[in-house]
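**Q** Just one file: run34.cif, with mmCIF, C-alpha atoms and all ligand atoms.
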```cif
data_target
loop_
_atom_site.label_atom_id
_atom_site.label_comp_id
_atom_site.auth_asym_id
_atom_site.auth_seq_id
_atom_site.Cartn_x
_atom_site.Cartn_y
_atom_site.Cartn_z
CA MET A 28 78.07 -21.67 -62.45
CA PRO A 29 79.67 -21.38 -59.00
CA GLY A 30 78.64 -18.70 -56.54
CA ARG A 31 79.18 -17.74 -52.95
CA VAL A 32 76.40 -16.75 -50.58
CA ILE A 33 77.03 -13.25 -49.23
CA GLY A 34 73.67 -12.58 -47.61
CA GLU A 35 70.14 -13.78 -47.04
CA VAL A 36 67.05 -11.73 -47.79
CA GLY A 37 63.94 -13.55 -46.68
CA PRO A 38 63.74 -16.73 -48.73
CA LEU A 39 66.23 -15.38 -51.27
CA PHE A 40 70.03 -15.42 -51.25
CA ARG A 41 72.49 -12.74 -52.33
CA LEU A 42 75.35 -14.27 -54.24
CA ALA A 43 78.73 -13.22 -55.54
CA THR A 44 79.33 -14.80 -58.95
CA GLU A 45 81.69 -14.31 -61.87
CA ARG A 46 78.89 -12.28 -63.45
CA GLY A 47 78.62 -9.97 -60.47
CA GLU A 48 76.15 -9.91 -57.64
CA LYS A 49 72.95 -11.94 -58.12
CA THR A 50 69.85 -12.76 -56.15
CA ALA A 51 68.84 -16.40 -56.25
CA GLU A 52 66.13 -18.71 -55.03
CA LEU A 53 66.42 -22.31 -53.96
CA ALA A 54 65.71 -24.94 -56.58
CA GLY A 55 62.67 -27.01 -55.57
CA ARG A 56 64.65 -30.23 -55.49
CA LEU A 57 67.20 -28.80 -53.02
CA LYS A 58 64.42 -27.60 -50.78
CA HIS A 59 62.63 -30.93 -50.85
CA ASN A 60 65.69 -33.11 -50.43
CA ALA A 61 66.96 -31.19 -47.41
CA ARG A 62 66.69 -33.37 -44.30
CA GLU A 63 67.40 -30.48 -41.95
CA LYS A 64 68.05 -26.77 -42.13
CA ALA A 65 71.80 -27.45 -42.16
CA ASP A 66 71.42 -28.86 -45.69
CA LEU A 67 70.33 -25.46 -46.97
CA PRO A 68 72.73 -22.66 -47.94
CA ALA A 69 74.11 -20.21 -45.37
CA VAL A 70 76.32 -17.13 -45.63
CA GLY A 71 79.77 -18.23 -46.78
CA ASP A 72 78.57 -21.30 -48.64
CA TRP A 73 79.81 -22.12 -52.09
CA VAL A 74 76.86 -23.15 -54.21
CA ALA A 75 76.14 -24.46 -57.69
CA LEU A 76 73.80 -22.25 -59.71
CA ARG A 77 71.66 -22.65 -62.74
CA ALA A 78 70.93 -19.44 -64.51
CA ASP A 79 68.22 -18.65 -67.00
CA TRP A 80 69.48 -15.25 -68.11
CA GLY A 81 66.55 -14.73 -70.44
CA ALA A 82 64.09 -14.99 -67.58
CA HIS A 83 66.53 -13.27 -65.21
CA ARG A 84 66.26 -16.16 -62.82
CA VAL A 85 69.05 -17.78 -60.91
CA SER A 86 68.50 -20.83 -58.75
CA ILE A 87 70.69 -22.70 -56.32
CA PHE A 88 70.60 -26.42 -56.94
CA ALA A 89 73.43 -27.63 -54.71
CA VAL A 90 75.49 -26.63 -51.69
CA LEU A 91 79.14 -27.64 -51.99
CA PRO A 92 80.84 -29.50 -49.11
CA ARG A 93 81.83 -27.15 -46.30
CA LYS A 94 85.35 -26.68 -44.99
CA THR A 95 84.11 -25.29 -41.67
CA ALA A 96 80.66 -24.49 -40.29
CA PHE A 97 79.24 -22.53 -37.39
CA CYS A 98 76.15 -24.43 -36.31
CA ARG A 99 73.39 -24.06 -33.85
CA ARG A 100 70.29 -26.02 -33.02
CA ALA A 101 67.34 -24.57 -34.84
CA ALA A 102 64.49 -23.43 -32.64
CA GLY A 103 61.56 -25.83 -32.38
CA ASN A 104 60.63 -29.20 -30.94
CA VAL A 105 62.59 -31.28 -33.38
CA VAL A 106 66.36 -31.36 -32.86
CA GLU A 107 67.61 -29.91 -36.05
CA ASN A 108 70.93 -28.28 -36.88
CA GLN A 109 71.22 -25.03 -38.71
CA VAL A 110 74.32 -23.44 -40.21
CA VAL A 111 74.96 -19.82 -39.28
CA ALA A 112 78.04 -19.33 -41.48
CA ALA A 113 80.18 -21.63 -43.59
CA ASN A 114 83.73 -21.81 -44.88
CA VAL A 115 85.07 -19.35 -42.33
CA ASP A 116 88.83 -19.41 -41.77
CA THR A 117 89.03 -17.16 -38.74
CA ALA A 118 86.58 -15.99 -36.09
CA PHE A 119 87.29 -12.62 -34.51
CA LEU A 120 85.74 -12.87 -31.06
CA VAL A 121 85.14 -9.23 -30.23
CA THR A 122 84.82 -8.10 -26.62
CA GLY A 123 84.66 -4.46 -25.56
CA LEU A 124 86.97 -3.49 -22.72
CA ASP A 125 84.07 -1.67 -21.09
CA PHE A 126 81.15 -3.30 -19.27
CA ASP A 127 81.10 -5.95 -22.00
CA PHE A 128 84.24 -7.71 -20.74
CA ASN A 129 83.48 -11.22 -19.46
CA VAL A 130 86.09 -13.97 -19.42
CA ARG A 131 83.60 -16.81 -19.14
CA ARG A 132 81.81 -15.60 -22.27
CA ILE A 133 85.12 -15.43 -24.13
CA GLU A 134 85.89 -18.98 -23.01
CA ARG A 135 82.63 -20.20 -24.48
CA ALA A 136 83.14 -18.28 -27.72
CA VAL A 137 86.54 -19.90 -28.18
CA LEU A 138 84.94 -23.30 -27.74
CA LEU A 139 82.30 -22.55 -30.37
CA ALA A 140 84.90 -21.30 -32.82
CA ARG A 141 86.98 -24.43 -32.30
CA GLU A 142 83.92 -26.59 -32.82
CA SER A 143 83.28 -24.89 -36.17
CA GLY A 144 86.79 -25.62 -37.40
CA ALA A 145 87.74 -21.93 -37.68
CA GLU A 146 90.71 -20.40 -35.87
CA PRO A 147 89.62 -18.21 -32.95
CA VAL A 148 91.28 -14.81 -32.46
CA ILE A 149 90.28 -12.76 -29.44
CA VAL A 150 89.82 -9.08 -30.23
CA LEU A 151 89.75 -6.87 -27.16
CA SER A 152 88.18 -3.69 -28.49
CA LYS A 153 87.79 -0.18 -27.08
CA VAL A 154 91.27 -0.23 -25.51
CA ASP A 155 90.87 3.54 -25.12
CA LEU A 156 88.25 2.89 -22.43
CA CYS A 157 90.49 0.65 -20.36
CA GLU A 158 93.42 1.54 -18.15
CA SER A 159 94.68 -1.98 -17.63
CA PHE A 160 94.85 -3.62 -21.05
CA GLN A 161 97.81 -5.77 -20.00
CA SER A 162 96.03 -7.33 -17.03
CA ARG A 163 92.84 -7.87 -19.06
CA ALA A 164 94.91 -9.57 -21.76
CA GLU A 165 96.63 -11.81 -19.21
CA GLU A 166 93.33 -12.77 -17.62
CA THR A 167 91.95 -13.57 -21.07
CA GLN A 168 94.97 -15.63 -22.06
CA LYS A 169 94.52 -17.86 -19.00
CA ALA A 170 91.00 -18.67 -20.16
CA ALA A 171 92.12 -19.22 -23.74
CA PRO A 172 95.47 -21.00 -23.79
CA GLY A 173 97.21 -20.81 -27.14
CA VAL A 174 94.72 -18.39 -28.68
CA SER A 175 95.97 -15.14 -30.25
CA ILE A 176 94.79 -11.98 -28.51
CA VAL A 177 94.88 -8.49 -30.01
CA GLY A 178 93.89 -5.13 -28.59
CA LEU A 179 92.53 -2.25 -30.65
CA ALA A 180 90.35 0.84 -30.69
CA ALA A 181 88.47 0.69 -33.99
CA LYS A 182 86.75 4.01 -33.43
CA LEU A 183 90.14 5.73 -33.25
CA GLY A 184 91.73 3.55 -35.94
CA ARG A 185 94.24 2.27 -33.42
CA GLY A 186 95.72 -1.23 -33.58
CA LEU A 187 94.02 -2.30 -36.83
CA GLU A 188 97.34 -3.53 -38.26
CA THR A 189 97.46 -6.26 -35.59
CA LEU A 190 94.71 -8.05 -37.55
CA SER A 191 96.55 -8.16 -40.88
CA PRO A 192 97.94 -11.72 -40.45
CA TRP A 193 94.35 -13.01 -40.76
CA LEU A 194 93.19 -10.63 -43.47
CA GLU A 195 94.97 -12.09 -46.48
CA LYS A 196 93.28 -12.15 -49.87
CA GLY A 197 90.68 -14.91 -50.18
CA LYS A 198 90.44 -15.57 -46.45
CA THR A 199 87.03 -15.47 -44.79
CA ILE A 200 86.62 -13.95 -41.35
CA ILE A 201 83.53 -13.73 -39.17
CA LEU A 202 82.93 -11.31 -36.32
CA PHE A 203 81.24 -12.54 -33.17
CA GLY A 204 80.49 -10.65 -30.00
CA SER A 205 77.67 -9.15 -28.02
CA SER A 206 75.61 -6.26 -29.27
CA GLY A 207 77.57 -3.04 -28.81
CA ALA A 208 80.98 -4.76 -28.66
CA GLY A 209 82.12 -2.71 -31.64
CA LYS A 210 81.96 -5.22 -34.48
CA SER A 211 80.49 -2.93 -37.11
CA THR A 212 82.77 -0.09 -36.07
CA LEU A 213 85.66 -2.47 -36.75
CA VAL A 214 84.19 -3.46 -40.12
CA ASN A 215 83.95 0.21 -41.13
CA ALA A 216 87.48 0.92 -39.98
CA LEU A 217 88.84 -1.99 -42.00
CA LEU A 218 86.77 -1.03 -45.06
CA GLY A 219 87.82 2.59 -44.76
CA GLU A 220 84.20 3.71 -45.18
CA GLU A 221 81.02 3.93 -43.12
CA ARG A 222 79.26 0.94 -44.65
CA GLN A 223 77.69 -0.58 -41.56
CA LEU A 224 75.38 1.22 -39.20
CA THR A 225 76.76 1.58 -35.65
CA ARG A 226 75.05 2.80 -32.55
CA GLU A 227 76.00 4.04 -29.15
CA VAL A 228 75.48 1.86 -26.10
CA ARG A 229 75.71 3.29 -22.61
CA GLY A 230 75.45 0.49 -20.09
CA HIS A 231 74.11 -2.92 -19.29
CA ASP A 232 70.54 -1.83 -19.91
CA HIS A 233 71.47 -0.85 -23.46
CA ARG A 234 72.67 -4.28 -24.39
CA GLY A 235 70.90 -6.31 -27.00
CA LYS A 236 69.90 -3.36 -29.13
CA HIS A 237 71.08 -5.21 -32.21
CA THR A 238 72.08 -2.40 -34.50
CA THR A 239 73.19 -4.93 -37.10
CA THR A 240 70.25 -7.17 -37.90
CA ARG A 241 71.60 -9.68 -40.37
CA ARG A 242 74.72 -11.48 -41.40
CA GLU A 243 76.43 -10.00 -44.39
CA MET A 244 79.70 -10.63 -46.18
CA LEU A 245 81.83 -7.67 -47.25
CA ILE A 246 85.05 -7.51 -49.24
CA LEU A 247 88.00 -5.66 -47.68
CA PRO A 248 90.65 -3.72 -49.61
CA SER A 249 93.09 -6.56 -48.81
CA GLY A 250 90.83 -9.03 -50.63
CA ALA A 251 89.71 -10.74 -47.44
CA LEU A 252 86.00 -11.43 -46.90
CA LEU A 253 84.51 -10.23 -43.66
CA ILE A 254 81.16 -11.33 -42.25
CA ASP A 255 79.49 -8.84 -39.91
CA THR A 256 76.86 -10.37 -37.63
CA PRO A 257 74.20 -9.17 -35.21
CA GLY A 258 75.26 -9.39 -31.56
CA VAL A 259 75.06 -13.02 -30.64
CA ARG A 260 73.41 -15.02 -28.06
CA GLU A 261 72.51 -17.29 -30.89
CA LEU A 262 75.16 -19.97 -30.88
CA GLY A 263 74.89 -23.02 -28.67
CA PHE A 264 77.53 -25.61 -27.96
CA LEU A 265 76.61 -28.77 -29.85
CA GLY A 266 78.97 -30.92 -27.87
CA GLY A 267 82.15 -31.47 -29.87
CA GLU A 268 84.57 -33.34 -27.58
CA ASP A 269 87.61 -32.30 -29.61
CA ALA A 270 86.70 -28.64 -29.29
CA LEU A 271 86.49 -29.04 -25.52
CA LEU A 272 89.89 -30.74 -25.47
CA SER A 273 91.61 -27.93 -27.31
CA ALA A 274 89.80 -25.12 -25.50
CA PHE A 275 90.80 -26.57 -22.12
CA SER A 276 94.18 -27.90 -23.15
CA GLU A 277 95.81 -27.30 -19.76
CA ILE A 278 93.17 -29.44 -18.03
CA GLU A 279 93.36 -32.16 -20.66
CA GLU A 280 97.13 -32.26 -20.29
CA LEU A 281 96.82 -32.75 -16.55
CA ALA A 282 94.20 -35.43 -17.12
CA THR A 283 96.73 -37.63 -18.92
CA LEU A 284 98.56 -37.88 -15.56
CA CYS A 285 95.50 -39.00 -13.57
CA GLY A 286 95.56 -42.49 -12.01
CA PHE A 287 92.49 -43.61 -13.94
CA GLY A 288 92.19 -43.19 -17.67
CA ASP A 289 88.53 -42.25 -17.34
CA CYS A 290 89.03 -40.02 -14.27
CA THR A 291 86.23 -37.46 -13.93
CA HIS A 292 88.35 -35.29 -11.56
CA ARG A 293 85.55 -35.24 -8.99
CA ASN A 294 86.61 -37.66 -6.26
CA GLU A 295 88.93 -40.29 -7.70
CA PRO A 296 92.25 -40.96 -5.96
CA ARG A 297 95.53 -40.01 -7.72
CA CYS A 298 93.79 -37.25 -9.69
CA ALA A 299 96.34 -34.87 -11.20
CA VAL A 300 93.70 -32.22 -11.84
CA LYS A 301 92.66 -32.09 -8.20
CA SER A 302 96.31 -32.06 -7.11
CA ALA A 303 97.03 -29.11 -9.38
CA LEU A 304 93.99 -27.35 -7.96
CA ALA A 305 95.16 -27.96 -4.39
CA ALA A 306 98.65 -26.73 -5.26
CA GLY A 307 97.23 -23.55 -6.76
CA ASP A 308 98.49 -24.40 -10.26
CA LEU A 309 95.01 -24.54 -11.76
CA ASP A 310 92.42 -21.77 -11.64
CA PRO A 311 89.24 -23.12 -9.93
CA THR A 312 87.02 -21.02 -12.21
CA ARG A 313 88.59 -22.73 -15.22
CA LEU A 314 87.77 -26.15 -13.81
CA ALA A 315 84.22 -25.01 -13.02
CA SER A 316 83.80 -23.83 -16.63
CA TYR A 317 85.19 -27.10 -17.89
CA PHE A 318 82.72 -29.13 -15.82
CA ARG A 319 79.83 -26.93 -16.88
CA LEU A 320 80.64 -27.07 -20.58
CA LYS A 321 81.33 -30.78 -20.48
CA GLU A 322 77.92 -31.39 -18.94
CA GLU A 323 76.38 -29.16 -21.58
CA ALA A 324 78.17 -31.13 -24.28
CA GLN A 325 76.92 -34.43 -22.93
CA ALA A 326 73.36 -33.18 -22.56
CA SER A 327 73.47 -31.86 -26.11
CA GLN A 328 74.81 -35.17 -27.44
CA ARG A 329 72.12 -37.13 -25.61
CA LYS A 330 69.41 -34.90 -26.99
CA GLY A 331 70.75 -35.33 -30.53
CA LEU A 332 71.00 -39.10 -30.15
CA LYS A 333 67.51 -39.48 -28.74
CA GLN A 334 66.14 -37.55 -31.65
CA ARG A 335 68.00 -39.59 -34.21
CA ARG A 336 66.67 -42.89 -32.82
CA ARG A 337 63.07 -41.86 -33.31
N1 LIG A 401 85.46 4.37 -27.10
C1 LIG A 401 85.31 3.52 -28.10
N2 LIG A 401 84.06 3.26 -28.55
C2 LIG A 401 83.92 2.39 -29.55
C3 LIG A 401 85.05 1.73 -30.16
N3 LIG A 401 84.59 0.89 -31.11
C4 LIG A 401 83.23 1.02 -31.11
N4 LIG A 401 82.84 1.92 -30.19
C5 LIG A 401 81.44 2.35 -29.92
O1 LIG A 401 80.65 1.27 -29.46
C6 LIG A 401 79.28 1.45 -29.89
C7 LIG A 401 78.74 0.17 -30.52
O2 LIG A 401 79.46 -0.10 -31.69
P1 LIG A 401 78.91 -1.02 -32.88
O3 LIG A 401 80.02 -1.15 -33.84
O4 LIG A 401 77.62 -0.54 -33.37
O5 LIG A 401 78.66 -2.42 -32.11
P2 LIG A 401 78.24 -3.84 -32.76
O6 LIG A 401 79.09 -4.86 -32.11
O7 LIG A 401 78.26 -3.80 -34.23
O8 LIG A 401 76.73 -4.01 -32.24
P3 LIG A 401 75.49 -4.84 -32.90
O9 LIG A 401 75.42 -4.50 -34.35
O10 LIG A 401 74.28 -4.41 -32.14
O11 LIG A 401 75.80 -6.30 -32.67
C8 LIG A 401 79.29 2.65 -30.85
O12 LIG A 401 78.85 3.77 -30.14
C9 LIG A 401 80.76 2.79 -31.20
O13 LIG A 401 81.11 4.13 -31.51
C10 LIG A 401 86.35 2.07 -29.68
O14 LIG A 401 87.37 1.60 -30.14
N5 LIG A 401 86.41 2.98 -28.64
MG MG A 402 76.86 -4.14 -35.67
ZN ZN A 403 91.56 -36.62 -12.59
#
```
Please express what this file holds, its structure, as structure tokens.
**A**
Amino acid sequence: MPGRVIGEVGPLFRLATERGEKTAELAGRLKHNAREKADLPAVGDWVALRADWGAHRVSIFAVLPRKTAFCRRAAGNVVENQVVAANVDTAFLVTGLDFDFNVRRIERAVLLARESGAEPVIVLSKVDLCESFQSRAEETQKAAPGVSIVGLAAKLGRGLETLSPWLEKGKTIILFGSSGAGKSTLVNALLGEERQLTREVRGHDHRGKHTTTRREMLILPSGALLIDTPGVRELGFLGGEDALLSAFSEIEELATLCGFGDCTHRNEPRCAVKSALAAGDLDPTRLASYFRLKEEAQASQRKGLKQRRR
């Protein structure tokens, strides 16, 4: 029987199945054959179940291939990947237009979404607390070329309709953003009921309170599936080159015009990136981010490779 993982409770998994909601354990063989944590089920995974209705036991014996996956490196000495959420179509990257607003963080979130295979959508929340939405949106767009940006105030029910293109029946959406960004408030507004606990935050010192403590999938009236998450600092860039290319498309486009095919844009002659910078056509903070994330990607790749050779 097929099922979809909608939550994790300790070593057990909550599943949506054609027979309703079930709690399941991992079959021993799945546990033993897993080479790394990423081989085990995560929220959003489609799984194959074996049910012994007489004994009221359901076990997961296989994880079906994933369409998309948000990964991170699992904590510990061994380099091991772990899946945070699977089969997500769209990632709502939620940023509050209060003290939470940080373009560099948005830039990184877009990169992580791209690496997962999901479409990033930037949600600027709490528009009621901001007098200059337009300029914030423009600043954000420069750091995220080609990415859709919406503004809303979930607490007041304002702007929710701007999300409807991504909330079609059967689509899976995940919410990412720092603690206090307003993710659960948005979930409740879209559900039309106070399902998720929310909590007030007052300033920088109140960050990281983590009102939501685990990932959970909820079904919206539209038939879309929404995954609420605890405020994240949990994702790391694993080093996908393609993700970097699409997240910094304006730099990559310039790079095709550089004199050397493998130009690093540091001190080569005939470098189109440096020319654009000198002419004021490229934002220096964008280039700095690009260099930083590229280095991070390479370091991450090296670490992974070293581990695999052992
Ligand atoms: N003014 C205003 N406040 C909002 C809005 N949306 C959310 N808030 C407030 O922001 C605070 C944090 O909201 P939550 O929804 O709990 O934040 P969260 O992102 O789920 O936080 P974690 O679960 O800790 O990750 C609450 O006090 C909300 O009432 C909004 O549109 N306008
Ligand atoms: Mg929350
Ligand atoms: Zn160059």
**Q** Given all atoms listed in the file as the basis, pick out the residue of A:Ile149, A:Gly266, A:Thr50, A:Ala251 nearest to Arg99 (chain A).
**A**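 Answer, going by the shortest atom-to-atom distance: A:Gly266.
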**Q** Closest to ligand ZN 403 (chain A) among A:Ala303, A:Ala326, A:Val110, A:Ala65, using all atoms listed in the file?
**A** A:Ala303
**Q** Would you pick out the contacts of Cys298 (chain A) at 8 Å or less, using all atoms listed in the file, so that residues sharing its chain but fewer than 5 positions from it are not included, and give the list as number ranges by chain?
**A** A: 282, 284-287, 290, 292
**Q** In Å, rounded to a single decimal, give me how far CA of Ser316 (chain A) is from CA of Ala299 (chain A).
**A**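 Here the two named atoms are 17.6 Å from each other.
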**Q** Once you count all atoms listed in the file, what closest atom pair and distance in Å to one decimal does each residue of region 169-270 of chain A within 7 Å of region 154-164 of chain A have, with rows by chain and rising residue number, as a Markdown table?
**A**
```
| residue | atom | partner | partner_atom | distance |
| --- | --- | --- | --- | --- |
| A:Gly178 | CA | A:Val154 | CA | 6.4 |
| A:Leu179 | CA | A:Val154 | CA | 5.7 |
| A:Ala180 | CA | A:Val154 | CA | 5.4 |
```
**Q** Expressed in Å to a single decimal, how great is the separation between CA of Ser206 (chain A) and CA of Val130 (chain A)?
**A**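 Rounded to one decimal, the two atoms are 16.3 Å apart.
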**Q** Find, counting only C-alpha atoms, the residue in A:Met244, A:Val300, A:Leu265, A:Ala69 that gets nearest to Glu142 (chain A).
**A** A:Leu265
**Q** What would the list of residues within 8 Å of (85.5, -25.3, -27.8) (file frame) look like as a PyMOL selection string, if all atoms listed in the file are what count?
**A** chain A and resi 134-142+264+267+269-275
**Q** Counting only C-alpha atoms and all ligand atoms, name the residues that have an atom within 12 Å of an atom of ligand MG 402 (chain A); the answer should be given as JSON, numbers by chain.
**A** {"A": [121, 202, 203, 204, 205, 206, 207, 208, 209, 210, 211, 212, 213, 214, 215, 221, 222, 223, 224, 225, 226, 227, 228, 235, 236, 237, 238, 239, 240, 241, 242, 243, 254, 255, 256, 257, 258, 259]}
**Q** Step by step: start from the point (74.8, -13.4, -57.7) in the file's coordinates, keep every protein, DNA or RNA residue that has an atom no farther than 10 Å from it, count only C-alpha atoms, and write the set as a PyMOL selection string.
**A** chain A and resi 29-33+40-51+76+78+85-86
**Q** Would you export the selected residues with C-alpha atoms as a PDB file, in the coordinates of the input, please?
**A**
```pdb
ATOM      1  CA  PRO A  29      79.670 -21.380 -59.000  1.00  0.00           C
ATOM      2  CA  GLY A  30      78.640 -18.700 -56.540  1.00  0.00           C
ATOM      3  CA  ARG A  31      79.180 -17.740 -52.950  1.00  0.00           C
ATOM      4  CA  VAL A  32      76.400 -16.750 -50.580  1.00  0.00           C
ATOM      5  CA  ILE A  33      77.030 -13.250 -49.230  1.00  0.00           C
ATOM      6  CA  PHE A  40      70.030 -15.420 -51.250  1.00  0.00           C
ATOM      7  CA  ARG A  41      72.490 -12.740 -52.330  1.00  0.00           C
ATOM      8  CA  LEU A  42      75.350 -14.270 -54.240  1.00  0.00           C
ATOM      9  CA  ALA A  43      78.730 -13.220 -55.540  1.00  0.00           C
ATOM     10  CA  THR A  44      79.330 -14.800 -58.950  1.00  0.00           C
ATOM     11  CA  GLU A  45      81.690 -14.310 -61.870  1.00  0.00           C
ATOM     12  CA  ARG A  46      78.890 -12.280 -63.450  1.00  0.00           C
ATOM     13  CA  GLY A  47      78.620  -9.970 -60.470  1.00  0.00           C
ATOM     14  CA  GLU A  48      76.150  -9.910 -57.640  1.00  0.00           C
ATOM     15  CA  LYS A  49      72.950 -11.940 -58.120  1.00  0.00           C
ATOM     16  CA  THR A  50      69.850 -12.760 -56.150  1.00  0.00           C
ATOM     17  CA  ALA A  51      68.840 -16.400 -56.250  1.00  0.00           C
ATOM     18  CA  LEU A  76      73.800 -22.250 -59.710  1.00  0.00           C
ATOM     19  CA  ALA A  78      70.930 -19.440 -64.510  1.00  0.00           C
ATOM     20  CA  VAL A  85      69.050 -17.780 -60.910  1.00  0.00           C
ATOM     21  CA  SER A  86      68.500 -20.830 -58.750  1.00  0.00           C
TER      22      SER A  86
END
```
**Q** Just to confirm, what's the straight-line distance from atom N3 of ligand LIG 401 (chain A) to CA of Glu188 (chain A) in Å (one decimal)?
**A**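 Distance reported for this atom pair: 15.3 Å.
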**Q** Smallest atom-to-atom distance to ligand LIG 401 (chain A): which of A:Ser152, A:Thr291, A:Thr312, A:Thr117, using only C-alpha atoms and all ligand atoms?
**A**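 Counting only C-alpha atoms and all ligand atoms, the residue closest to ligand LIG 401 (chain A) is A:Ser152.
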**Q** Between A:Glu63, A:Asp308, A:Glu268, A:Glu280, which is the closest to ligand ZN 403 (chain A) once you count only C-alpha atoms and all ligand atoms?
**A**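 Among the listed residues, A:Glu280 lies closest to ligand ZN 403 (chain A).
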**Q** For each of A:Ala96, A:Val111, A:Leu120, A:Val36, take the minimum atom-to-atom distance to ligand LIG 401 (chain A), counting only C-alpha atoms and all ligand atoms, then give the residue where this is smallest.
**A**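 Closest to ligand LIG 401 (chain A), using only C-alpha atoms and all ligand atoms: A:Leu120.
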